[in-house]
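Have a look at final_10.txt below; it lists compact mmCIF, C-alpha atoms.
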# COMPACT_ATOMS: atom_id res chain seq x y z
CA MET A 1 -144.28 -36.17 58.19
CA ALA A 2 -144.83 -38.19 55.06
CA ARG A 3 -147.59 -40.79 55.16
CA ALA A 4 -146.00 -43.96 53.84
CA ILE A 5 -147.96 -46.98 52.68
CA THR A 6 -145.96 -50.15 52.20
CA PHE A 7 -146.69 -53.03 49.82
CA ASN A 8 -144.70 -56.24 49.61
CA VAL A 9 -144.82 -57.97 46.25
CA GLY A 10 -142.48 -60.91 45.73
CA THR A 11 -138.97 -59.85 46.76
CA LYS A 12 -139.71 -56.13 46.32
CA THR A 13 -141.03 -53.61 48.84
CA TYR A 14 -142.92 -50.56 47.60
CA HIS A 15 -143.20 -47.47 49.83
CA VAL A 16 -145.62 -44.80 48.69
CA ASP A 17 -146.29 -41.33 50.06
CA LYS A 18 -150.07 -41.35 49.68
CA ALA A 19 -150.34 -37.60 50.20
CA LYS A 20 -147.96 -36.93 47.31
CA ILE A 21 -149.73 -39.39 45.04
CA GLY A 22 -153.09 -37.71 45.60
CA LYS A 23 -156.32 -38.88 43.99
CA LYS A 24 -155.52 -40.28 40.60
CA SER A 25 -156.98 -42.81 38.24
CA PHE A 26 -155.36 -46.13 37.47
CA SER A 27 -154.30 -44.96 34.02
CA GLN A 28 -152.74 -41.80 35.41
CA LEU A 29 -150.79 -43.79 38.01
CA LYS A 30 -149.75 -46.34 35.41
CA LYS A 31 -148.23 -43.49 33.42
CA GLU A 32 -146.49 -41.90 36.43
CA LEU A 33 -145.28 -45.10 38.08
CA PRO A 34 -144.54 -47.51 35.24
CA HIS A 35 -142.29 -49.60 37.52
CA PHE A 36 -145.17 -50.36 39.90
CA PRO A 37 -147.19 -53.58 39.53
CA ASP A 38 -150.82 -53.20 38.48
CA GLU A 39 -152.07 -54.72 41.74
CA ILE A 40 -150.54 -51.85 43.73
CA LEU A 41 -151.71 -49.21 41.28
CA LYS A 42 -155.24 -50.59 41.59
CA GLU A 43 -155.08 -50.15 45.34
CA LEU A 44 -153.64 -46.66 45.10
CA SER A 45 -156.15 -45.42 42.55
CA THR A 46 -159.51 -44.11 43.71
CA PRO A 47 -162.22 -46.78 43.18
CA ASP A 48 -164.37 -44.71 40.88
CA SER A 49 -161.92 -43.59 38.23
CA LYS A 50 -164.54 -41.65 36.30
CA VAL A 51 -165.00 -39.33 39.29
CA GLU A 52 -161.26 -38.71 39.52
CA GLU A 53 -160.93 -37.91 35.84
CA LYS A 54 -163.92 -35.63 36.13
CA GLU A 55 -162.29 -33.88 39.09
CA VAL A 56 -159.05 -33.44 37.20
CA GLU A 57 -160.86 -32.12 34.14
CA GLU A 58 -162.96 -29.77 36.20
CA LYS A 59 -160.07 -28.06 37.96
CA PRO A 60 -159.00 -25.78 35.05
CA THR A 61 -162.62 -24.82 34.46
CA LYS A 62 -163.08 -23.91 38.12
CA LYS A 63 -159.92 -21.77 38.09
CA LYS A 64 -161.09 -19.92 35.02
CA THR A 65 -164.40 -19.23 36.68
CA THR A 66 -162.65 -17.88 39.76
CA LYS A 67 -160.47 -15.56 37.69
CA LYS A 68 -163.45 -14.11 35.95
CA MET B 1 -118.15 -29.48 87.82
CA ALA B 2 -115.97 -29.61 90.87
CA ASN B 3 -112.43 -28.36 90.73
CA LYS B 4 -110.10 -30.91 92.27
CA CYS B 5 -107.46 -28.29 92.87
CA VAL B 6 -109.64 -26.31 95.30
CA THR B 7 -111.14 -28.96 97.53
CA CYS B 8 -109.44 -28.12 100.81
CA SER B 9 -111.34 -25.65 102.96
CA GLY B 10 -109.02 -26.01 105.92
CA TYR B 11 -110.77 -29.03 107.38
CA ILE B 12 -110.82 -32.75 106.72
CA LYS B 13 -114.14 -33.73 105.13
CA ASN B 14 -116.65 -35.70 107.21
CA THR B 15 -116.42 -39.42 106.63
CA GLY B 16 -119.85 -40.73 107.60
CA LEU B 17 -121.24 -43.22 105.07
CA PRO B 18 -125.02 -43.86 105.00
CA SER B 19 -126.22 -47.24 103.76
CA GLY B 20 -127.45 -47.44 100.19
CA ASP B 21 -124.59 -45.54 98.61
CA LYS B 22 -123.56 -47.97 95.86
CA PRO B 23 -120.39 -47.62 93.82
CA PHE B 24 -120.26 -47.58 90.03
CA GLY B 25 -120.09 -51.15 88.77
CA ARG B 26 -118.03 -53.06 86.25
CA ILE B 27 -117.53 -51.06 83.06
CA VAL B 28 -119.17 -52.69 80.04
CA GLY B 29 -119.54 -49.72 77.73
CA MET B 30 -119.01 -46.03 77.22
CA TYR B 31 -120.10 -43.10 75.12
CA PHE B 32 -117.61 -41.15 73.06
CA VAL B 33 -118.76 -37.53 73.10
CA PRO B 34 -117.17 -34.66 71.19
CA LEU B 35 -116.38 -32.09 73.87
CA VAL B 36 -117.50 -29.15 71.75
CA ALA B 37 -120.01 -29.11 68.89
CA ASP B 38 -119.47 -27.30 65.59
CA ASP B 39 -121.56 -24.40 66.86
CA GLY B 40 -119.15 -23.89 69.76
CA THR B 41 -121.39 -25.23 72.52
CA ALA B 42 -120.25 -27.92 74.96
CA ASN B 43 -121.98 -31.29 74.73
CA PHE B 44 -123.83 -32.65 77.76
CA LEU B 45 -126.81 -34.76 78.84
CA ASN B 46 -129.56 -32.58 80.28
CA VAL B 47 -130.26 -34.53 83.46
CA GLY B 48 -133.08 -32.13 84.30
CA ALA B 49 -135.00 -33.01 81.13
CA ALA B 50 -138.60 -34.12 81.61
CA ASN B 51 -137.94 -37.38 79.73
CA LEU B 52 -134.41 -38.75 80.00
CA ASN B 53 -135.27 -41.67 77.71
CA THR B 54 -135.89 -39.45 74.71
CA GLU B 55 -133.06 -37.16 75.79
CA LEU B 56 -130.44 -39.94 75.63
CA LEU B 57 -131.95 -41.53 72.51
CA GLY B 58 -131.90 -38.12 70.86
CA LEU B 59 -128.21 -37.64 71.63
CA ILE B 60 -127.22 -41.05 70.27
CA ASN B 61 -129.18 -40.37 67.07
CA HIS B 62 -128.53 -36.65 66.85
CA ALA B 63 -128.69 -35.29 63.29
CA ASP B 64 -125.58 -33.18 63.98
CA PRO B 65 -122.56 -35.55 64.23
CA SER B 66 -120.69 -33.00 66.34
CA LYS B 67 -123.43 -33.23 68.99
CA ARG B 68 -123.91 -36.98 68.81
CA TRP B 69 -123.07 -39.48 71.57
CA TYR B 70 -121.33 -42.56 70.12
CA PRO B 71 -121.93 -45.77 72.11
CA MET B 72 -119.16 -48.34 72.51
CA LEU B 73 -120.95 -51.40 73.88
CA GLY B 74 -120.01 -55.00 74.66
CA LEU B 75 -116.50 -54.18 75.84
CA ASN B 76 -114.14 -56.93 76.99
CA ASN B 77 -111.17 -56.78 79.36
CA VAL B 78 -111.83 -53.22 80.43
CA ALA B 79 -108.80 -52.13 82.45
CA PRO B 80 -108.66 -48.63 83.84
CA THR B 81 -105.14 -48.23 85.15
CA GLN B 82 -103.41 -45.47 87.06
CA GLU B 83 -99.72 -44.76 87.23
CA ASP B 84 -98.15 -43.84 90.56
CA ALA B 85 -98.35 -40.22 91.57
CA VAL B 86 -95.25 -38.13 90.94
CA PHE B 87 -93.28 -37.08 94.04
CA GLU B 88 -90.21 -34.97 94.59
CA THR B 89 -87.93 -36.20 97.36
CA ASP B 90 -85.57 -34.03 99.36
CA ASP B 91 -82.11 -35.09 100.53
CA ALA B 92 -83.58 -36.42 103.80
CA GLY B 93 -86.09 -38.63 102.03
CA ASN B 94 -89.20 -36.47 102.61
CA ARG B 95 -91.58 -36.81 99.73
CA PHE B 96 -93.68 -33.99 98.30
CA LYS B 97 -96.55 -34.85 95.94
CA VAL B 98 -96.24 -33.01 92.66
CA ARG B 99 -99.17 -34.45 90.66
CA ASP B 100 -101.50 -37.41 90.27
CA GLY B 101 -100.42 -40.34 88.15
CA LEU B 102 -101.61 -40.63 84.55
CA GLN B 103 -104.84 -42.61 84.15
CA THR B 104 -105.18 -44.87 81.14
CA MET B 105 -108.22 -46.73 79.83
CA THR B 106 -107.77 -49.99 77.95
CA TYR B 107 -110.51 -52.20 76.56
CA GLN B 108 -111.13 -54.69 73.79
CA PHE B 109 -113.79 -55.66 71.28
CA TRP B 110 -113.68 -59.40 70.68
CA ASN B 111 -114.56 -61.25 67.48
CA VAL B 112 -115.07 -58.15 65.35
CA SER B 113 -114.10 -57.53 61.73
CA HIS B 114 -111.57 -55.20 60.17
CA ALA B 115 -114.56 -53.20 58.95
CA TYR B 116 -115.56 -52.49 62.54
CA PHE B 117 -111.92 -51.71 63.35
CA ARG B 118 -112.01 -49.02 60.65
CA GLN B 119 -115.01 -47.46 62.41
CA VAL B 120 -113.42 -47.33 65.88
CA ALA B 121 -109.68 -47.20 65.17
CA THR B 122 -109.34 -43.44 65.22
CA ALA B 123 -110.70 -40.50 67.18
CA CYS B 124 -109.59 -37.29 65.54
CA VAL B 125 -111.51 -34.72 67.59
CA ASN B 126 -111.30 -33.57 71.18
CA PHE B 127 -113.65 -35.91 72.95
CA GLY B 128 -114.58 -37.22 76.37
CA ILE B 129 -116.27 -40.33 77.66
CA VAL B 130 -119.26 -41.19 79.81
CA LEU B 131 -118.90 -44.68 81.23
CA ILE B 132 -121.67 -47.32 81.37
CA ASP B 133 -121.60 -50.09 83.98
CA GLU B 134 -123.22 -53.52 83.88
CA CYS B 135 -126.38 -52.18 85.54
CA GLY B 136 -126.84 -49.37 83.03
CA ASN B 137 -125.60 -46.60 85.34
CA LEU B 138 -123.73 -43.71 83.75
CA LEU B 139 -120.62 -41.99 85.12
CA GLY B 140 -119.50 -38.53 84.08
CA GLU B 141 -118.79 -35.03 85.34
CA PHE B 142 -121.81 -33.32 86.82
CA ASP B 143 -122.79 -29.67 86.81
CA ASP B 144 -125.14 -29.60 89.79
CA ALA B 145 -126.21 -25.99 89.25
CA ASN B 146 -127.48 -26.66 85.72
CA ASP B 147 -128.30 -30.40 85.92
CA ARG B 148 -125.87 -31.34 83.20
CA LEU B 149 -123.80 -34.51 82.83
CA TYR B 150 -120.61 -33.83 80.89
CA PRO B 151 -118.12 -36.37 79.51
CA ARG B 152 -114.74 -36.82 81.19
CA ALA B 153 -112.13 -35.31 78.89
CA VAL B 154 -109.65 -37.59 77.12
CA ASN B 155 -106.23 -36.73 75.71
CA HIS B 156 -107.24 -37.64 72.16
CA ASN B 157 -103.62 -37.53 71.01
CA SER B 158 -102.99 -40.62 73.15
CA PHE B 159 -105.74 -42.62 71.42
CA ASN B 160 -104.55 -45.86 69.88
CA GLY B 161 -106.36 -48.75 68.21
CA VAL B 162 -104.79 -52.10 67.33
CA TYR B 163 -106.26 -55.05 65.44
CA THR B 164 -105.17 -58.56 66.36
CA ASN B 165 -106.08 -61.41 64.04
CA ALA B 166 -107.57 -64.61 65.38
CA THR B 167 -105.20 -67.47 66.22
CA ALA B 168 -105.70 -71.16 66.90
CA SER B 169 -106.59 -70.37 70.48
CA GLU B 170 -107.80 -66.77 70.47
CA THR B 171 -110.51 -64.81 68.69
CA SER B 172 -109.82 -61.61 66.76
CA LYS B 173 -109.59 -58.50 68.89
CA VAL B 174 -109.55 -54.74 68.64
CA THR B 175 -107.66 -53.16 71.53
CA ILE B 176 -108.22 -49.49 72.30
CA THR B 177 -106.15 -47.41 74.71
CA PHE B 178 -106.22 -43.74 75.65
CA ASP B 179 -105.32 -41.48 78.56
CA TYR B 180 -107.66 -39.23 80.46
CA LYS B 181 -106.65 -35.59 80.49
CA LEU B 182 -104.42 -34.90 83.48
CA THR B 183 -106.79 -32.14 84.54
CA THR B 184 -109.59 -34.66 85.18
CA SER B 185 -110.02 -36.76 88.29
CA ASP B 186 -112.08 -39.66 89.60
CA ALA B 187 -113.04 -37.35 92.44
CA ASP B 188 -115.08 -35.32 89.94
CA GLN B 189 -117.10 -38.23 88.56
CA TYR B 190 -120.78 -38.60 89.46
CA MET B 191 -123.16 -41.49 88.81
CA LEU B 192 -126.51 -41.16 87.05
CA GLY B 193 -128.56 -44.18 88.13
CA ALA B 194 -129.96 -46.65 85.62
CA THR B 195 -133.40 -46.08 87.15
CA SER B 196 -133.37 -42.60 85.62
CA PHE B 197 -134.22 -44.40 82.37
CA THR B 198 -137.52 -46.25 82.16
CA THR B 199 -138.26 -47.16 78.54
CA VAL B 200 -134.67 -47.42 77.28
CA SER B 201 -131.41 -48.67 78.78
CA PRO B 202 -127.92 -47.33 78.07
CA LEU B 203 -126.91 -51.01 77.80
CA TYR B 204 -129.09 -51.53 74.72
CA LEU B 205 -129.01 -48.26 72.80
CA ASN B 206 -126.87 -48.91 69.74
CA GLY B 207 -124.88 -46.44 67.72
CA MET B 208 -125.82 -45.36 64.21
CA VAL B 209 -124.57 -47.18 61.11
CA ASP B 210 -122.92 -45.42 58.16
CA LEU B 211 -124.39 -45.97 54.72
CA ALA B 212 -122.59 -45.83 51.38
CA ILE B 213 -125.13 -44.68 48.79
CA LYS B 214 -124.12 -45.17 45.16
CA VAL B 215 -126.12 -43.63 42.32
CA VAL B 216 -126.58 -46.34 39.69
CA SER B 217 -128.68 -44.39 37.17
CA SER B 218 -130.97 -41.39 37.08
CA ALA B 219 -133.79 -39.90 35.03
CA SER B 220 -135.97 -36.84 35.47
CA GLY B 221 -137.69 -37.27 38.83
CA SER B 222 -136.18 -40.70 39.42
CA VAL B 223 -132.94 -42.27 40.64
CA ASP B 224 -131.72 -45.82 41.14
CA VAL B 225 -129.30 -46.24 44.05
CA GLN B 226 -127.48 -48.98 45.94
CA MET B 227 -127.30 -48.59 49.73
CA ASP B 228 -124.74 -50.62 51.67
CA THR B 229 -123.21 -50.54 55.12
CA PRO B 230 -119.40 -50.54 55.49
CA PHE B 231 -119.64 -54.13 56.71
CA GLY B 232 -119.45 -57.41 54.83
CA THR B 233 -116.90 -58.50 52.25
CA ILE B 234 -115.68 -57.21 48.90
CA GLY B 235 -118.48 -57.69 46.41
CA ALA B 236 -120.88 -58.81 49.15
CA PRO B 237 -121.49 -55.88 51.49
CA ILE B 238 -124.23 -55.96 54.10
CA SER B 239 -126.99 -53.90 52.54
CA TRP B 240 -129.56 -51.66 54.13
CA LEU B 241 -133.12 -52.86 53.73
CA GLY B 242 -135.02 -50.20 55.68
CA GLY B 243 -135.36 -47.36 53.16
CA SER B 244 -138.78 -45.73 52.77
CA THR B 245 -140.36 -42.38 51.96
CA THR B 246 -140.08 -41.41 55.63
CA ASN B 247 -136.28 -41.67 55.95
CA ILE B 248 -135.02 -40.86 52.45
CA THR B 249 -134.75 -37.28 51.19
CA VAL B 250 -133.68 -35.86 47.86
CA VAL B 251 -131.49 -32.80 48.41
CA ASN B 252 -131.47 -30.13 45.72
CA HIS B 253 -128.15 -28.36 46.24
CA THR B 254 -128.80 -25.83 43.49
CA ALA B 255 -132.11 -24.66 44.92
CA SER B 256 -131.12 -25.38 48.56
CA THR B 257 -134.29 -27.39 49.10
CA GLN B 258 -135.15 -30.89 50.27
CA VAL B 259 -137.74 -33.04 48.54
CA THR B 260 -139.60 -35.96 50.08
CA PRO B 261 -139.80 -38.89 47.64
CA THR B 262 -143.16 -39.82 46.17
CA THR B 263 -142.28 -43.50 46.08
CA VAL B 264 -139.40 -45.68 47.25
CA VAL B 265 -139.14 -49.19 45.85
CA HIS B 266 -136.75 -51.65 47.45
CA ASN B 267 -135.81 -54.03 44.67
CA GLY B 268 -133.90 -56.29 47.08
CA ASN B 269 -130.32 -56.42 48.42
CA GLY B 270 -130.10 -52.67 49.02
CA SER B 271 -131.11 -51.67 45.48
CA TYR B 272 -133.68 -48.86 45.47
CA THR B 273 -135.68 -46.92 42.90
CA VAL B 274 -136.70 -43.52 44.23
CA THR B 275 -139.17 -41.23 42.45
CA PHE B 276 -139.75 -37.61 43.34
CA THR B 277 -141.19 -34.41 41.93
CA ALA B 278 -139.02 -33.60 38.91
CA GLN B 279 -136.58 -30.79 39.59
CA THR B 280 -135.21 -28.16 37.19
CA ALA B 281 -132.91 -29.74 34.61
CA ALA B 282 -129.18 -29.60 35.50
CA ASP B 283 -129.86 -28.98 39.20
CA ASP B 284 -127.36 -30.79 41.45
CA LEU B 285 -129.18 -33.44 43.51
CA SER B 286 -128.14 -35.98 46.11
CA LEU B 287 -129.94 -38.66 48.07
CA MET B 288 -129.76 -38.44 51.85
CA VAL B 289 -130.76 -41.01 54.44
CA PHE B 290 -131.35 -40.27 58.09
CA SER B 291 -133.12 -43.02 59.96
CA PRO B 292 -132.73 -42.67 63.74
CA ALA B 293 -133.26 -45.60 66.11
CA THR B 294 -136.44 -45.36 68.17
CA GLY B 295 -135.59 -47.62 71.11
CA ASN B 296 -133.49 -50.40 72.61
CA ASN B 297 -131.53 -52.71 70.29
CA GLU B 298 -132.38 -50.76 67.14
CA PHE B 299 -129.80 -49.24 64.81
CA GLY B 300 -130.02 -45.81 63.27
CA TYR B 301 -128.69 -45.30 59.73
CA GLU B 302 -127.32 -42.28 57.91
CA GLY B 303 -125.58 -41.52 54.66
CA GLU B 304 -125.59 -39.33 51.57
CA SER B 305 -124.83 -40.09 47.94
CA ALA B 306 -122.59 -38.14 45.62
CA THR B 307 -124.42 -35.52 43.59
CA TRP B 308 -125.93 -36.11 40.17
CA GLN B 309 -127.55 -33.69 37.76
CA GLU B 310 -131.29 -33.74 37.17
CA GLN B 311 -132.07 -34.78 33.55

Rewrite the coordinates I just gave you, this time as structure tokens.
Amino acid sequence: MARAITFNVGTKTYHVDKAKIGKKSFSQLKKELPHFPDEILKELSTPDSKVEEKEVEEKPTKKKTTKK
Amino acid sequence: MANKCVTCSGYIKNTGLPSGDKPFGRIVGMYFVPLVADDGTANFLNVGAANLNTELLGLINHADPSKRWYPMLGLNNVAPTQEDAVFETDDAGNRFKVRDGLQTMTYQFWNVSHAYFRQVATACVNFGIVLIDECGNLLGEFDDANDRLYPRAVNHNSFNGVYTNATASETSKVTITFDYKLTTSDADQYMLGATSFTTVSPLYLNGMVDLAIKVVSSASGSVDVQMDTPFGTIGAPISWLGGSTTNITVVNHTASTQVTPTTVVHNGNGSYTVTFTAQTAADDLSLMVFSPATGNNEFGYEGESATWQEQ
């Protein structure tokens, strides 16, 4: 079952499937969910954005290594 | 189920009556139950189930409409009537019983809208009813060998619904009448006690609510929709406010898959923005809602939009 997180901002209610969002930086989320307020995106993003970006960048490298 | 035509074994039945045998009470509600589901199986309540609470709740909110039990609650002026039995009389005046009299059920919903009338005015499938009394007891036909409570069959061709507008002295009313099938009998009805249910009560388990889902606009991996109930007035319908990622699904008809939304934003008044993993361009998609009730007094919701093509 989907894990929904709910945020209430003003008159709007935002439901997010955290599992589908995954670990992403604020800038990545901002790009994917432009209709979301920054305050929610800040909460959804992993605190240390540098680590996330590093993880994302490292994935292709790891795959290449595995193939070799 | 007993067969009323084969009840005589050559003796009169014993007539002792132990204390504590209570009759079924005043009828305040009933379940409409399709007699046979789309898969050809008969519909029943499994009285032998380990948890009758979830069993009944599951039937009322069943994902398959042909297996669902549809509650009619808050009935007024319930009047089960029975015509006289039919007799043939010989030239000396001796009467010979030919058949039981026709049994008719009449009841009303008071102070309800035309929108509700549209929901209950017709019954186009073969169905039966399980009655609910004021204590929450159920009454239906019982299969003792298999622990199954079946609905009492209705002659659905006799079903009639009438709307009466309010007057200076009376509220608006919906009056429903139908006949039981002549092959059914009160002698075959058995009571399932209200105490069989512990966490829910048949008196408070509401039926599901239809949703009209209109696609307002769409983009790749995103759709804006408006979700309203059939109730309210023109231009001001009663909207659904309970949409979330757990009860909304994007159906891909081209790929025959279902996609859980990534985010669901309720913008207010039933307007939603739903994002999901982008599908292949030109795939036919629709938005489906299935939100079952989880206990007393709650309403379940269901609906599906028309299809749109992924951008």

*asked:* Given all atoms listed in the file as the basis, pick out the residue of A:Ile5, A:Gly10, A:His15, A:Thr46 nearest to chain B.
replied: A:His15

*Which chain B residues are at most 8 Å from chain A (counting all atoms listed in the file), as a count of residues only?*
12

_Applying 8 Å and all atoms listed in the file, which residues near B:Leu102 remain after dropping the ones on its own chain fewer than 5 positions away? List them as a list in words._
Gln82, Glu83, Asp84, Ala85, Asp179, Tyr180 and Leu182 of chain B

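Of the listed residues (B:Val125, B:Val28, B:Ala293, B:Val112), B:Val125 comes nearest to B:Ser66; the distances count all atoms listed in the file.
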
*Grab the atom CA of B:Asn77 to atom CA of B:Phe109 distance for me, in Å with one decimal place.*
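Taking atom CA of B:Asn77 as the start and atom CA of B:Phe109 as the end point, the length is 8.6 Å.
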